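These notes are about the structure you will find just below.
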Amino acid sequence: MSETATTRRLVVGYIATDRGRDAISLAISIARSIDVELVVTIVRPESSTILAGSAVPKDGAGIVAQQIDDWLDEALALIPDDIRAIGCIHIASNESKGLMEVAEQEGALGIIIGARATTLMRQLRIGTVASSLLHSSTVPVILAPSGRSDIGPISRVTALYGARPGASSLIGAAIESAVGLGVDLRLLSLIENDGLYDDEVAEITEFAEQYGGAVLADDASEMLASGRATVRTKAGADIEEAAETIDWQPGDLAFIGSSRLGHGGKVAIGARARRLLRVLPVPVVVVPRRAVSRLHTAETD
(Lines give C-alpha, C1' and ligand atoms only; values in the text may rest on other atoms or scores of the structure.)
Protein backbone atom coordinates (compact mmCIF):
# COMPACT_ATOMS: atom_id res chain seq x y z
CA MET A 1 0.00 0.00 0.00
CA SER A 2 1.13 3.54 -0.66
CA GLU A 3 1.89 5.91 2.18
CA THR A 4 -1.19 7.93 1.30
CA ALA A 5 -3.38 4.84 1.73
CA THR A 6 -1.93 3.90 5.10
CA THR A 7 -1.24 7.24 6.76
CA ARG A 8 -3.67 8.15 9.52
CA ARG A 9 -4.26 11.86 9.96
CA LEU A 10 -5.80 14.31 12.38
CA VAL A 11 -6.80 17.78 11.22
CA VAL A 12 -5.70 20.50 13.65
CA GLY A 13 -7.59 23.76 13.28
CA TYR A 14 -5.15 26.61 13.91
CA ILE A 15 -5.51 30.33 14.44
CA ALA A 16 -2.74 32.56 15.80
CA THR A 17 -4.16 32.83 19.32
CA ASP A 18 -4.05 30.82 22.53
CA ARG A 19 -6.95 28.77 21.18
CA GLY A 20 -4.84 27.67 18.23
CA ARG A 21 -1.88 26.87 20.46
CA ASP A 22 -4.13 24.80 22.74
CA ALA A 23 -5.15 22.73 19.71
CA ILE A 24 -1.49 22.22 18.77
CA SER A 25 -0.61 21.17 22.34
CA LEU A 26 -3.35 18.57 22.46
CA ALA A 27 -2.45 17.30 18.99
CA ILE A 28 1.14 16.79 20.14
CA SER A 29 -0.05 14.85 23.19
CA ILE A 30 -2.23 12.58 21.06
CA ALA A 31 0.57 12.08 18.53
CA ARG A 32 2.81 10.88 21.39
CA SER A 33 0.40 7.97 21.82
CA ILE A 34 -0.66 6.98 18.29
CA ASP A 35 0.89 6.73 14.85
CA VAL A 36 -0.73 9.71 13.22
CA GLU A 37 0.21 12.63 10.99
CA LEU A 38 -1.04 16.07 11.94
CA VAL A 39 -2.54 18.27 9.24
CA VAL A 40 -2.20 21.76 10.70
CA THR A 41 -4.86 23.77 8.92
CA ILE A 42 -5.54 27.47 8.63
CA VAL A 43 -8.75 28.33 6.84
CA ARG A 44 -8.38 31.42 4.69
CA PRO A 45 -11.57 33.32 3.89
CA GLU A 46 -12.58 33.44 0.26
CA SER A 47 -11.33 36.54 -1.58
CA SER A 48 -14.79 38.05 -1.77
CA THR A 49 -15.09 37.72 2.00
CA ILE A 50 -11.72 39.39 2.60
CA LEU A 51 -12.40 42.27 0.25
CA ALA A 52 -15.81 42.87 1.79
CA GLY A 53 -14.20 43.78 5.09
CA SER A 54 -13.48 47.45 5.56
CA ALA A 55 -10.31 46.66 7.56
CA VAL A 56 -8.55 45.20 4.52
CA PRO A 57 -7.93 47.43 1.48
CA LYS A 58 -8.67 45.99 -1.96
CA ASP A 59 -4.96 45.79 -2.73
CA GLY A 60 -4.25 44.04 0.56
CA ALA A 61 -5.11 40.44 -0.33
CA GLY A 62 -1.43 39.66 -0.92
CA ILE A 63 -0.53 41.02 2.50
CA VAL A 64 -3.22 38.84 4.10
CA ALA A 65 -1.92 35.77 2.24
CA GLN A 66 1.64 36.44 3.43
CA GLN A 67 0.46 36.86 7.02
CA ILE A 68 -1.38 33.52 6.87
CA ASP A 69 1.74 31.85 5.45
CA ASP A 70 3.73 33.25 8.38
CA TRP A 71 1.16 32.02 10.89
CA LEU A 72 1.31 28.52 9.42
CA ASP A 73 5.10 28.51 9.65
CA GLU A 74 4.82 29.57 13.30
CA ALA A 75 2.33 26.77 14.00
CA LEU A 76 4.52 24.10 12.42
CA ALA A 77 7.50 25.39 14.39
CA LEU A 78 5.63 24.48 17.59
CA ILE A 79 5.61 20.79 16.66
CA PRO A 80 8.63 18.66 17.69
CA ASP A 81 10.71 17.07 14.96
CA ASP A 82 9.75 13.53 15.97
CA ILE A 83 6.07 14.15 15.19
CA ARG A 84 4.93 14.04 11.58
CA ALA A 85 3.07 17.15 10.51
CA ILE A 86 2.15 18.98 7.33
CA GLY A 87 0.67 22.43 6.83
CA CYS A 88 -2.46 23.30 4.90
CA ILE A 89 -4.04 26.61 3.96
CA HIS A 90 -7.57 25.97 2.79
CA ILE A 91 -9.88 28.55 1.25
CA ALA A 92 -13.49 28.38 2.37
CA SER A 93 -16.38 30.64 3.27
CA ASN A 94 -15.93 29.93 6.98
CA GLU A 95 -13.58 28.09 9.33
CA SER A 96 -15.81 25.18 10.28
CA LYS A 97 -16.72 24.44 6.65
CA GLY A 98 -13.06 24.57 5.67
CA LEU A 99 -11.96 22.22 8.45
CA MET A 100 -14.63 19.69 7.49
CA GLU A 101 -13.58 19.87 3.84
CA VAL A 102 -9.93 19.23 4.75
CA ALA A 103 -10.94 16.34 7.03
CA GLU A 104 -12.89 14.77 4.18
CA GLN A 105 -10.07 15.26 1.67
CA GLU A 106 -7.49 13.77 4.02
CA GLY A 107 -9.69 10.94 5.31
CA ALA A 108 -8.95 12.29 8.79
CA LEU A 109 -9.78 10.44 12.00
CA GLY A 110 -11.04 13.65 13.58
CA ILE A 111 -10.71 17.42 13.93
CA ILE A 112 -8.92 19.04 16.88
CA ILE A 113 -9.79 22.60 17.83
CA GLY A 114 -9.18 24.77 20.87
CA ALA A 115 -12.06 25.85 23.03
CA ARG A 116 -12.55 29.50 23.80
CA ALA A 117 -10.84 30.99 26.83
CA THR A 118 -12.17 29.84 30.17
CA THR A 119 -14.41 32.02 32.27
CA LEU A 120 -15.49 31.61 35.86
CA MET A 121 -17.05 28.16 36.40
CA ARG A 122 -16.54 27.12 32.78
CA GLN A 123 -13.81 24.81 31.48
CA LEU A 124 -14.82 24.58 27.82
CA ARG A 125 -16.61 27.46 26.14
CA ILE A 126 -18.12 26.70 22.78
CA GLY A 127 -17.53 29.45 20.25
CA THR A 128 -19.04 29.86 16.80
CA VAL A 129 -16.60 27.54 15.01
CA ALA A 130 -16.90 24.75 17.59
CA SER A 131 -20.68 25.09 17.67
CA SER A 132 -20.87 24.73 13.89
CA LEU A 133 -18.57 21.70 13.89
CA LEU A 134 -20.55 20.12 16.70
CA HIS A 135 -23.66 20.23 14.55
CA SER A 136 -22.19 19.30 11.18
CA SER A 137 -19.06 17.16 11.40
CA THR A 138 -19.12 13.54 10.24
CA VAL A 139 -15.90 12.78 12.14
CA PRO A 140 -15.19 13.12 15.87
CA VAL A 141 -14.51 16.66 17.09
CA ILE A 142 -11.80 16.87 19.76
CA LEU A 143 -11.97 19.93 22.01
CA ALA A 144 -8.82 21.19 23.71
CA PRO A 145 -9.51 22.96 27.02
CA SER A 146 -7.93 26.37 27.41
CA GLY A 147 -4.57 26.18 29.14
CA ARG A 148 -4.95 22.47 29.97
CA SER A 149 -4.20 20.78 26.67
CA ASP A 150 -0.62 19.61 27.23
CA ILE A 151 -1.79 16.37 28.87
CA GLY A 152 1.17 14.15 28.00
CA PRO A 153 0.65 10.65 26.60
CA ILE A 154 -2.92 9.39 26.74
CA SER A 155 -3.37 7.26 29.87
CA ARG A 156 -7.11 6.52 30.06
CA VAL A 157 -10.32 6.85 28.09
CA THR A 158 -13.51 7.79 29.98
CA ALA A 159 -16.85 7.43 28.20
CA LEU A 160 -19.66 9.49 29.73
CA TYR A 161 -22.81 7.69 28.64
CA GLY A 162 -26.51 7.43 29.25
CA ALA A 163 -28.58 4.28 28.96
CA ARG A 164 -30.47 5.36 25.87
CA PRO A 165 -30.30 4.71 22.10
CA GLY A 166 -26.94 5.78 20.70
CA ALA A 167 -24.97 5.08 23.89
CA SER A 168 -23.70 1.76 22.53
CA SER A 169 -22.04 3.58 19.61
CA LEU A 170 -20.25 5.92 22.02
CA ILE A 171 -19.14 3.04 24.25
CA GLY A 172 -17.98 1.11 21.20
CA ALA A 173 -15.88 4.03 20.02
CA ALA A 174 -14.33 4.41 23.48
CA ILE A 175 -13.60 0.68 23.67
CA GLU A 176 -11.88 0.65 20.28
CA SER A 177 -9.77 3.65 21.20
CA ALA A 178 -8.77 2.29 24.61
CA VAL A 179 -7.90 -1.15 23.21
CA GLY A 180 -5.87 0.33 20.37
CA LEU A 181 -4.05 2.75 22.65
CA GLY A 182 -3.39 0.09 25.26
CA VAL A 183 -4.83 2.27 28.05
CA ASP A 184 -7.47 1.78 30.71
CA LEU A 185 -11.14 2.33 29.99
CA ARG A 186 -13.74 3.81 32.31
CA LEU A 187 -17.46 3.82 31.54
CA LEU A 188 -19.19 6.44 33.62
CA SER A 189 -22.92 7.16 33.74
CA LEU A 190 -24.02 10.46 35.28
CA ILE A 191 -27.28 10.45 37.20
CA GLU A 192 -29.37 13.49 38.11
CA ASN A 193 -30.93 12.58 41.47
CA ASP A 194 -32.72 15.81 42.31
CA GLY A 195 -36.27 15.02 43.41
CA LEU A 196 -35.75 11.24 43.31
CA TYR A 197 -36.20 8.84 46.18
CA ASP A 198 -33.23 6.76 47.31
CA ASP A 199 -34.71 3.56 45.90
CA GLU A 200 -35.26 5.27 42.54
CA VAL A 201 -31.64 6.43 42.44
CA ALA A 202 -30.50 2.90 43.34
CA GLU A 203 -32.65 1.43 40.56
CA ILE A 204 -31.33 3.86 37.95
CA THR A 205 -27.75 3.29 39.13
CA GLU A 206 -28.12 -0.48 38.89
CA PHE A 207 -29.64 -0.26 35.41
CA ALA A 208 -26.95 2.14 34.15
CA GLU A 209 -24.14 -0.07 35.44
CA GLN A 210 -25.74 -3.23 34.05
CA TYR A 211 -26.22 -1.53 30.68
CA GLY A 212 -22.62 -0.34 30.47
CA GLY A 213 -21.31 -3.69 31.69
CA ALA A 214 -23.36 -5.59 29.12
CA VAL A 215 -22.06 -3.52 26.20
CA LEU A 216 -18.53 -3.76 27.54
CA ALA A 217 -18.74 -7.52 28.05
CA ASP A 218 -19.88 -7.98 24.46
CA ASP A 219 -17.00 -5.96 23.00
CA ALA A 220 -14.14 -6.06 25.51
CA SER A 221 -14.74 -8.84 28.03
CA GLU A 222 -10.98 -9.34 28.38
CA MET A 223 -10.50 -5.75 29.54
CA LEU A 224 -13.35 -6.14 32.03
CA ALA A 225 -11.98 -9.42 33.40
CA SER A 226 -8.46 -8.02 33.78
CA GLY A 227 -9.64 -4.94 35.65
CA ARG A 228 -8.47 -2.57 32.91
CA ALA A 229 -12.07 -1.54 32.34
CA THR A 230 -14.49 -0.31 34.97
CA VAL A 231 -18.17 0.64 34.99
CA ARG A 232 -19.24 3.32 37.45
CA THR A 233 -21.95 5.90 38.13
CA LYS A 234 -21.80 9.38 39.59
CA ALA A 235 -24.87 11.09 41.01
CA GLY A 236 -25.64 14.72 41.69
CA ALA A 237 -28.51 17.15 41.91
CA ASP A 238 -27.87 17.98 38.26
CA ILE A 239 -25.53 16.85 35.51
CA GLU A 240 -22.93 19.50 36.37
CA GLU A 241 -22.78 18.51 40.03
CA ALA A 242 -22.41 14.85 39.12
CA ALA A 243 -19.63 15.63 36.63
CA GLU A 244 -17.74 17.84 39.09
CA THR A 245 -17.19 14.82 41.37
CA ILE A 246 -15.32 12.85 38.70
CA ASP A 247 -11.66 12.22 39.47
CA TRP A 248 -9.23 12.79 36.60
CA GLN A 249 -5.60 11.88 36.02
CA PRO A 250 -2.92 13.21 33.66
CA GLY A 251 -3.48 11.94 30.14
CA ASP A 252 -7.25 11.49 30.46
CA LEU A 253 -9.52 11.81 27.44
CA ALA A 254 -13.31 12.11 27.89
CA PHE A 255 -15.66 10.76 25.23
CA ILE A 256 -19.24 11.99 24.91
CA GLY A 257 -21.83 11.13 22.30
CA SER A 258 -23.88 13.28 20.01
CA SER A 259 -27.55 13.97 20.51
CA ARG A 260 -30.26 11.58 19.35
CA LEU A 261 -31.02 14.29 16.77
CA GLY A 262 -27.68 13.69 15.06
CA HIS A 263 -28.95 12.38 11.74
CA GLY A 264 -26.78 11.22 8.87
CA GLY A 265 -23.93 10.12 11.11
CA LYS A 266 -23.12 13.72 12.07
CA VAL A 267 -22.26 15.22 15.41
CA ALA A 268 -25.24 17.01 16.95
CA ILE A 269 -24.48 18.11 20.46
CA GLY A 270 -27.47 18.44 22.75
CA ALA A 271 -28.24 20.50 25.83
CA ARG A 272 -27.00 17.77 28.20
CA ALA A 273 -23.62 17.59 26.45
CA ARG A 274 -23.29 21.38 26.44
CA ARG A 275 -23.84 21.40 30.20
CA LEU A 276 -21.15 18.76 30.60
CA LEU A 277 -18.65 20.81 28.63
CA ARG A 278 -18.98 23.64 31.14
CA VAL A 279 -17.38 21.57 33.89
CA LEU A 280 -15.12 18.98 32.24
CA PRO A 281 -11.45 19.98 32.78
CA VAL A 282 -10.01 17.48 30.27
CA PRO A 283 -9.97 17.22 26.47
CA VAL A 284 -13.28 15.95 25.12
CA VAL A 285 -13.91 13.77 22.07
CA VAL A 286 -17.45 14.26 20.72
CA VAL A 287 -18.36 11.17 18.70
CA PRO A 288 -20.91 11.21 15.86
CA ARG A 289 -23.68 8.79 16.62
CA ARG A 290 -22.78 6.19 14.00
CA ALA A 291 -19.09 6.90 13.80
CA VAL A 292 -16.31 4.76 15.21
CA SER A 293 -13.36 6.64 16.69
CA ARG A 294 -10.12 4.85 15.83
CA LEU A 295 -7.50 6.65 17.85
CA HIS A 296 -5.09 3.74 17.71
CA THR A 297 -2.33 2.17 15.63
CA ALA A 298 -4.07 -0.74 13.93
CA GLU A 299 -3.33 -1.23 10.27
CA THR A 300 -5.67 0.23 7.69
CA ASP A 301 -7.86 -2.35 5.95
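Every chain in the C-alpha coordinates takes a letter, A first, then B, and so on in the order presented; its residues are numbered from 1, and the ligands are numbered from 1 following the presented order.
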(message) Using only C-alpha atoms, which protein or nucleic acid residues come within 9 Å of stretch 74-81 of chain A? Drop anything in the same chain fewer than 3 positions from it, and give the result as a list of chain:residue names.
(response)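 Once the adjacent positions are removed, what remains is A:Tyr14, A:Ile15, A:Ala16, A:Gly20, A:Arg21, A:Ile24, A:Ser25, A:Ile28, A:Val40, A:Asp69, A:Asp70, A:Trp71, A:Arg84, A:Ala85, A:Ile86, A:Gly87.
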Each residue of stretch 157-253 of chain A with at least one atom at most 10 Å from stretch 279-283 of chain A should appear once, together with its nearest atom pair and the corresponding distance in Å (one decimal); atoms considered: only C-alpha atoms; ordering: chain, then increasing residue number; output as JSON lines.
{"residue": "A:Ile239", "atom": "CA", "partner": "A:Val279", "partner_atom": "CA", "distance": 9.6}
{"residue": "A:Glu240", "atom": "CA", "partner": "A:Val279", "partner_atom": "CA", "distance": 6.4}
{"residue": "A:Glu241", "atom": "CA", "partner": "A:Val279", "partner_atom": "CA", "distance": 8.7}
{"residue": "A:Ala242", "atom": "CA", "partner": "A:Val279", "partner_atom": "CA", "distance": 9.9}
{"residue": "A:Ala243", "atom": "CA", "partner": "A:Val279", "partner_atom": "CA", "distance": 6.9}
{"residue": "A:Glu244", "atom": "CA", "partner": "A:Val279", "partner_atom": "CA", "distance": 6.4}
{"residue": "A:Ile246", "atom": "CA", "partner": "A:Leu280", "partner_atom": "CA", "distance": 8.9}
{"residue": "A:Trp248", "atom": "CA", "partner": "A:Val282", "partner_atom": "CA", "distance": 7.9}
{"residue": "A:Gln249", "atom": "CA", "partner": "A:Val282", "partner_atom": "CA", "distance": 9.2}
{"residue": "A:Pro250", "atom": "CA", "partner": "A:Val282", "partner_atom": "CA", "distance": 8.9}
{"residue": "A:Gly251", "atom": "CA", "partner": "A:Val282", "partner_atom": "CA", "distance": 8.6}
{"residue": "A:Asp252", "atom": "CA", "partner": "A:Val282", "partner_atom": "CA", "distance": 6.6}
{"residue": "A:Leu253", "atom": "CA", "partner": "A:Pro283", "partner_atom": "CA", "distance": 5.5}
(request) Go through A:Val231, A:Ala202, A:Leu134, A:Val43 and flag the residue nearest A:Ile256, using only C-alpha atoms for the distances. (result)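 Closest to A:Ile256 of all the choices is A:Leu134.
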(request) Pick out the closest residue to A:Val287 from this set: A:Ala254, A:Ala229, A:Ile42, A:Val64. Count only C-alpha atoms. (result)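 Checking each of A:Ala254, A:Ala229, A:Ile42, A:Val64 against A:Val287, counting only C-alpha atoms, the winner is A:Ala254.
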(request) Please return as a PyMOL selection string: the residues of stretch 26-205 of chain A that backbone DSSP assigns to strand (DSSP E or B). (result) chain A and resi 37-45+85-92+111-114+116+119+122+125+141-144+156-161+184-192
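Minimum atom-to-atom distances from A:Gly107, A:Pro45, A:Gly212, A:Gly147 to A:Ala92 were compared using only C-alpha atoms, and the lowest value belongs to A:Pro45.
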(request) Identify, on the basis of only C-alpha atoms, every residue whose closest approach to A:Ile204 does not exceed 9 Å; exclude the query and any residue fewer than 5 positions from it along the same chain; express the result as number ranges by chain. (result) A: 191, 199, 209
(request) In Å, rounded to a single decimal, give me how far atom CA of A:Ser155 is from atom CA of A:Val179. (result) 11.6 Å
(message) When you count only C-alpha atoms, which of these residues is closest to A:Ile154: A:Ile63, A:Ile175, A:Val286, A:Leu181?
(response)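 Nearest to A:Ile154: A:Leu181.
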(request) Find the spatial neighbours of stretch 98-105 of chain A, counting only C-alpha atoms, within a cut-off of 12 Å - ignore same-chain residues fewer than 3 positions away - and output them as a ChimeraX atom specification. (result) /A:4,8-15,38-46,87-95,108-113,129-130,132-141,266-267
(message) Which residue is closest to A:Ser29? Choose from A:Val157, A:Ile83, A:Ala235, A:Ala65 and count only C-alpha atoms.
(response) A:Ile83
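Distances to A:Ala174 were evaluated for A:Ala273, A:Val215, A:Ala225, A:Ala144 using only C-alpha atoms, and the minimum falls at A:Val215.
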(request) Give me every helix (DSSP H, G or I) residue in stretch 16-260 of chain A, going by DSSP on the backbone, as a VMD selection string. (result) chain A and resid 18 to 31 47 to 52 61 to 77 95 to 106 128 to 133 167 to 181 198 to 226 239 to 244
